[in-house]
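Visitor: A single structure is presented below for examination.
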Amino acid sequence: MKRPEIWLLGTVLLIAGLLLVFSGIAAEVLRGASTGFDRAVILSLRNPSDISDPIGPAWVEEAARDVTSLGSVIVVFMLSGAYIGYLLLAGTRGKALLMLVSVGGGLALNDLLKFIFDRPRPELVLHSAQVFTSSFPSGHAALSSVTYLTMAALVTQHAPSASMRIYVMAVAILFVLVVGASRVYLGLHYPTDVLAGWCIGSAWALTCWVAAQRLKHRRTEMRQHAP
């Protein structure tokens with residue numbers, strides 16, 4: 001088996017694994033089996049004497065609000081829009097289209113899942129920020145996964161060394177993790193919401209990436225066999 005085929009098989013298996021985990025989490029949420037775990041994690045991050053107050057000094061809560069905005073629709077659209085503009089100016093329309101489909105499709109998919117599950121937000125604590133949508137899956141976790149992982153994948157395509165590729169991808173993963181963690185810390189999401197958001201966002205980003213690579217490979221083959 002050739003290396004590209006091994007890479008494709010591994011990626012497809014990873015996507016399947018992420019979707020399987022998402023399905024398992026969703027089933028637990030629908031049955032109410034995750035309630036104990038969700039409550040325990042959220043309450044462990046609150047001040048025992050005042051559950052409306054997250055643990056830690058005030059600056060940590062303020063920092064969490066700043067961090068959580070990295071996964072908001074407005075910030076994600078601003079960053080991805082700026083990057084799409086750069087890709088278009090660089091003459092890489094295929095990459096710009098991939099970025100657009102990944103982020104736009106990821107938002108639409110997450111909104112659809114929120115509508116289907118319609119899980120209420122955590123009521124254990126007072127929310128530390130205003131919310132407008134249902135809880136499952138976490139849109140911030142899903143959107144940050146789609147946006148930052150896709151951007152990192154595009155950047156690493158031209159990285160001159162493996163260490164630089166690892167660094168870029170590690171930074172993207174770190175962004176995704178801290179955004180999701182901030183949602184639970186602020187009491188805006190249950191941990192299962194965030195885990196599901198990470199799974200569905202990463203699976204969608206990988207699906208778009210695989211589709212783009214296959215289309216690119218097919219076009220290359222067509223040019224090679226063209227008379």
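Chain labels A, B, ... are given in the sequence in which chains occur in the structure tokens; within each chain residues are numbered consecutively from 1, and ligands are likewise numbered from 1 in the order shown.
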At most 8 Å is the cut-off: for each residue in segment 153-204 of chain A with any atom that close to an atom of segment 20-35 of chain A, write down the nearest atom pair and the distance in Å rounded to one decimal, counting only C-alpha atoms, chain first then increasing number, as JSON lines.

Guide:
{"residue": "A:Thr192", "atom": "CA", "partner": "A:Ile25", "partner_atom": "CA", "distance": 6.7}
{"residue": "A:Leu195", "atom": "CA", "partner": "A:Phe22", "partner_atom": "CA", "distance": 7.9}
{"residue": "A:Ala196", "atom": "CA", "partner": "A:Phe22", "partner_atom": "CA", "distance": 5.3}
{"residue": "A:Cys199", "atom": "CA", "partner": "A:Phe22", "partner_atom": "CA", "distance": 5.9}
{"residue": "A:Ile200", "atom": "CA", "partner": "A:Phe22", "partner_atom": "CA", "distance": 6.7}

Visitor: Just write the chosen residues, C-alpha atoms, as a PDB file, in the first residue's frame.

Guide:
ATOM      1  CA  THR A 192     -19.926  16.549  27.584  1.00  0.00           C
ATOM      2  CA  LEU A 195     -16.176  16.882  24.296  1.00  0.00           C
ATOM      3  CA  ALA A 196     -18.893  16.435  21.673  1.00  0.00           C
ATOM      4  CA  CYS A 199     -15.291  15.458  18.226  1.00  0.00           C
ATOM      5  CA  ILE A 200     -17.732  16.794  15.645  1.00  0.00           C
TER       6      ILE A 200
END

Visitor: Could you list, as a PyMOL selection string, every residue within 10 Å of segment 7-16 of chain A, counting only C-alpha atoms and ignoring same-chain residues fewer than 3 positions away?

Guide: chain A and resi 2-4+19-22+199-200+202-207+209-210+213-214

Visitor: Take the residues that were just selected and, keeping C-alpha atoms, output them as a CSV table (one decimal), in the first residue's frame.

Guide:
chain,number,residue,atom,x,y,z
A,2,LYS,CA,1.3,3.4,-1.0
A,3,ARG,CA,2.0,6.1,1.6
A,4,PRO,CA,-0.9,8.4,0.4
A,19,LEU,CA,-17.9,10.2,15.1
A,20,LEU,CA,-18.2,7.0,17.2
A,21,VAL,CA,-17.2,8.9,20.3
A,22,PHE,CA,-19.6,11.7,19.5
A,199,CYS,CA,-15.3,15.5,18.2
A,200,ILE,CA,-17.7,16.8,15.6
A,202,SER,CA,-12.4,17.8,14.3
A,203,ALA,CA,-14.3,15.2,12.3
A,204,TRP,CA,-15.7,17.8,10.0
A,205,ALA,CA,-12.4,19.5,9.6
A,206,LEU,CA,-10.7,16.2,8.7
A,207,THR,CA,-13.6,15.3,6.3
A,209,TRP,CA,-9.4,18.1,4.3
A,210,VAL,CA,-9.7,14.6,2.9
A,213,GLN,CA,-6.9,16.3,-1.1
A,214,ARG,CA,-8.8,13.7,-3.1

Visitor: Hey, what does DSSP flag as alpha helix (DSSP H) within segment 119-161 of chain A? Can you give it to me as a ChimeraX atom specification?

Guide: /A:139-156

Visitor: Just the selected residues (N, CA and C atoms), exported as a PDB file, in the first residue's frame, please.

Guide:
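Below you can see again-v1.pdb, which holds the result:
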ATOM      1  N   GLY A 139     -20.745  25.059  20.522  1.00  0.00           N
ATOM      2  CA  GLY A 139     -20.369  25.708  19.267  1.00  0.00           C
ATOM      3  C   GLY A 139     -18.965  26.259  19.307  1.00  0.00           C
ATOM      4  N   HIS A 140     -18.554  26.798  20.474  1.00  0.00           N
ATOM      5  CA  HIS A 140     -17.197  27.332  20.593  1.00  0.00           C
ATOM      6  C   HIS A 140     -16.162  26.222  20.409  1.00  0.00           C
ATOM      7  N   ALA A 141     -16.419  25.057  21.011  1.00  0.00           N
ATOM      8  CA  ALA A 141     -15.488  23.928  20.875  1.00  0.00           C
ATOM      9  C   ALA A 141     -15.443  23.433  19.436  1.00  0.00           C
ATOM     10  N   ALA A 142     -16.610  23.319  18.813  1.00  0.00           N
ATOM     11  CA  ALA A 142     -16.661  22.820  17.435  1.00  0.00           C
ATOM     12  C   ALA A 142     -16.048  23.806  16.453  1.00  0.00           C
ATOM     13  N   LEU A 143     -16.420  25.087  16.564  1.00  0.00           N
ATOM     14  CA  LEU A 143     -15.914  26.094  15.625  1.00  0.00           C
ATOM     15  C   LEU A 143     -14.414  26.308  15.766  1.00  0.00           C
ATOM     16  N   SER A 144     -13.919  26.320  17.004  1.00  0.00           N
ATOM     17  CA  SER A 144     -12.473  26.489  17.189  1.00  0.00           C
ATOM     18  C   SER A 144     -11.721  25.297  16.612  1.00  0.00           C
ATOM     19  N   SER A 145     -12.284  24.094  16.760  1.00  0.00           N
ATOM     20  CA  SER A 145     -11.648  22.900  16.185  1.00  0.00           C
ATOM     21  C   SER A 145     -11.572  23.012  14.669  1.00  0.00           C
ATOM     22  N   VAL A 146     -12.698  23.346  14.044  1.00  0.00           N
ATOM     23  CA  VAL A 146     -12.737  23.457  12.586  1.00  0.00           C
ATOM     24  C   VAL A 146     -11.781  24.536  12.097  1.00  0.00           C
ATOM     25  N   THR A 147     -11.858  25.705  12.701  1.00  0.00           N
ATOM     26  CA  THR A 147     -11.094  26.858  12.201  1.00  0.00           C
ATOM     27  C   THR A 147      -9.604  26.703  12.409  1.00  0.00           C
ATOM     28  N   TYR A 148      -9.189  26.459  13.636  1.00  0.00           N
ATOM     29  CA  TYR A 148      -7.754  26.463  13.927  1.00  0.00           C
ATOM     30  C   TYR A 148      -7.044  25.228  13.387  1.00  0.00           C
ATOM     31  N   LEU A 149      -7.727  24.090  13.368  1.00  0.00           N
ATOM     32  CA  LEU A 149      -7.091  22.893  12.803  1.00  0.00           C
ATOM     33  C   LEU A 149      -6.954  23.002  11.285  1.00  0.00           C
ATOM     34  N   THR A 150      -7.971  23.569  10.626  1.00  0.00           N
ATOM     35  CA  THR A 150      -7.876  23.742   9.176  1.00  0.00           C
ATOM     36  C   THR A 150      -6.796  24.757   8.820  1.00  0.00           C
ATOM     37  N   MET A 151      -6.747  25.863   9.549  1.00  0.00           N
ATOM     38  CA  MET A 151      -5.707  26.864   9.305  1.00  0.00           C
ATOM     39  C   MET A 151      -4.322  26.266   9.514  1.00  0.00           C
ATOM     40  N   ALA A 152      -4.168  25.498  10.589  1.00  0.00           N
ATOM     41  CA  ALA A 152      -2.866  24.884  10.865  1.00  0.00           C
ATOM     42  C   ALA A 152      -2.473  23.901   9.771  1.00  0.00           C
ATOM     43  N   ALA A 153      -3.445  23.120   9.293  1.00  0.00           N
ATOM     44  CA  ALA A 153      -3.152  22.152   8.227  1.00  0.00           C
ATOM     45  C   ALA A 153      -2.695  22.857   6.959  1.00  0.00           C
ATOM     46  N   LEU A 154      -3.321  23.986   6.632  1.00  0.00           N
ATOM     47  CA  LEU A 154      -2.929  24.734   5.435  1.00  0.00           C
ATOM     48  C   LEU A 154      -1.549  25.362   5.600  1.00  0.00           C
ATOM     49  N   VAL A 155      -1.272  25.879   6.790  1.00  0.00           N
ATOM     50  CA  VAL A 155       0.032  26.502   7.037  1.00  0.00           C
ATOM     51  C   VAL A 155       1.151  25.472   6.983  1.00  0.00           C
ATOM     52  N   THR A 156       0.913  24.294   7.563  1.00  0.00           N
ATOM     53  CA  THR A 156       1.971  23.282   7.633  1.00  0.00           C
ATOM     54  C   THR A 156       2.302  22.663   6.277  1.00  0.00           C
TER      55      THR A 156
END

Visitor: Measuring atom to atom with only C-alpha atoms, identify which of A:Gly56, A:Met169, A:Met99, A:Val194 is nearest to Tyr86 of chain A.

Guide: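 Of A:Gly56, A:Met169, A:Met99, A:Val194, the one nearest Tyr86 of chain A is A:Met99, counting only C-alpha atoms.
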
Visitor: Looking at only C-alpha atoms, which of A:Pro160, A:Pro120, A:Gly180, A:Gly81 is the one that sits closest to Ser102 of chain A?

Guide: A:Gly81

Visitor: One number please: atom CA of Arg165 of chain A to atom CA of Ala108 of chain A, in Å, one decimal.

Guide: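 Atom CA of Ala108 of chain A lies at a distance of 29.2 Å from atom CA of Arg165 of chain A.
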
Visitor: Quick one: of A:Gly91, A:Ser135, A:Val103, A:Asp66, who's nearest to Leu79 of chain A, counting only C-alpha atoms?

Guide: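 Looking at the shortest contact to Leu79 of chain A, the residue is A:Val103.
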
Visitor: With only C-alpha atoms as the counted atoms, please give the residues lying no more than 7 Å from Asn110 of chain A, apart from itself and same-chain residues fewer than 4 positions off, as a compact mmCIF listing (two decimals) with C-alpha atoms, in the first residue's frame.

Guide:
# COMPACT_ATOMS: atom_id res chain seq x y z
CA GLY A 106 -18.95 23.53 10.50
CA LYS A 114 -28.02 22.09 18.55
CA PRO A 137 -22.73 20.35 21.31
CA GLY A 139 -20.37 25.71 19.27

Visitor: Which is closest to Leu43 of chain A among A:Cys208, A:Ile55, A:Ile166, A:Val179, if we use only C-alpha atoms?

Guide: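 Of all the options, A:Ile55 lies closest to Leu43 of chain A.
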
Visitor: Report, in Å with one decimal, the straight-line distance from atom CA of Ala212 of chain A to atom CA of Leu113 of chain A.

Guide: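 Atom-to-atom, atom CA of Ala212 of chain A and atom CA of Leu113 of chain A are spaced 24.0 Å apart.
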
Visitor: I'd like to know which residues of chain A are strand (DSSP E) (by DSSP, run on the backbone); could you write them as a list in words?

Guide: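 Result set for chain A (strand (DSSP E)): Arg46, Asn47, Asp50, Ile51, Ser52, Asp53 and Pro54 of chain A.
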
Visitor: Could you pull the residues within 10 Å of Phe115 of chain A, counting only C-alpha atoms, minus those fewer than 3 positions along the same chain, as a ChimeraX atom specification?

Guide: /A:109-112,118-119,133-137

Visitor: Save the residues we just selected, N, CA and C atoms, as a PDB file, in the first residue's frame?

Guide:
ATOM      1  N   LEU A 109     -23.466  22.760  10.505  1.00  0.00           N
ATOM      2  CA  LEU A 109     -23.608  21.433  11.101  1.00  0.00           C
ATOM      3  C   LEU A 109     -23.849  21.535  12.603  1.00  0.00           C
ATOM      4  N   ASN A 110     -23.089  22.386  13.269  1.00  0.00           N
ATOM      5  CA  ASN A 110     -23.238  22.522  14.717  1.00  0.00           C
ATOM      6  C   ASN A 110     -24.609  23.097  15.085  1.00  0.00           C
ATOM      7  N   ASP A 111     -25.062  24.083  14.308  1.00  0.00           N
ATOM      8  CA  ASP A 111     -26.380  24.664  14.568  1.00  0.00           C
ATOM      9  C   ASP A 111     -27.482  23.622  14.377  1.00  0.00           C
ATOM     10  N   LEU A 112     -27.325  22.764  13.376  1.00  0.00           N
ATOM     11  CA  LEU A 112     -28.298  21.705  13.142  1.00  0.00           C
ATOM     12  C   LEU A 112     -28.343  20.737  14.326  1.00  0.00           C
ATOM     13  N   ASP A 118     -31.269  20.144  21.356  1.00  0.00           N
ATOM     14  CA  ASP A 118     -31.951  21.179  22.137  1.00  0.00           C
ATOM     15  C   ASP A 118     -31.738  21.004  23.640  1.00  0.00           C
ATOM     16  N   ARG A 119     -30.515  20.808  24.040  1.00  0.00           N
ATOM     17  CA  ARG A 119     -30.196  20.616  25.456  1.00  0.00           C
ATOM     18  C   ARG A 119     -30.105  21.971  26.160  1.00  0.00           C
ATOM     19  N   THR A 133     -27.970  30.249  22.435  1.00  0.00           N
ATOM     20  CA  THR A 133     -28.311  28.977  21.802  1.00  0.00           C
ATOM     21  C   THR A 133     -28.346  27.869  22.839  1.00  0.00           C
ATOM     22  N   SER A 134     -28.769  26.684  22.409  1.00  0.00           N
ATOM     23  CA  SER A 134     -28.800  25.526  23.296  1.00  0.00           C
ATOM     24  C   SER A 134     -27.378  25.028  23.551  1.00  0.00           C
ATOM     25  N   SER A 135     -27.283  23.994  24.361  1.00  0.00           N
ATOM     26  CA  SER A 135     -25.978  23.641  24.937  1.00  0.00           C
ATOM     27  C   SER A 135     -25.181  22.587  24.175  1.00  0.00           C
ATOM     28  N   PHE A 136     -25.858  21.609  23.547  1.00  0.00           N
ATOM     29  CA  PHE A 136     -25.153  20.456  22.979  1.00  0.00           C
ATOM     30  C   PHE A 136     -25.243  20.422  21.453  1.00  0.00           C
ATOM     31  N   PRO A 137     -24.098  20.289  20.793  1.00  0.00           N
ATOM     32  CA  PRO A 137     -22.728  20.353  21.309  1.00  0.00           C
ATOM     33  C   PRO A 137     -22.243  21.801  21.426  1.00  0.00           C
TER      34      PRO A 137
END

Visitor: When you count only C-alpha atoms, which of these residues is closest to Asp50 of chain A: A:Ala96, A:Leu124, A:Ala159, A:Ala63?

Guide: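 For Asp50 of chain A, the nearest of the candidates is A:Leu124.
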
Visitor: Grab the atom CA of Ala58 of chain A to atom CA of Leu177 of chain A distance for me, in Å with one decimal place.

Guide: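 For atom CA of Ala58 of chain A relative to atom CA of Leu177 of chain A, the distance reads 21.3 Å.
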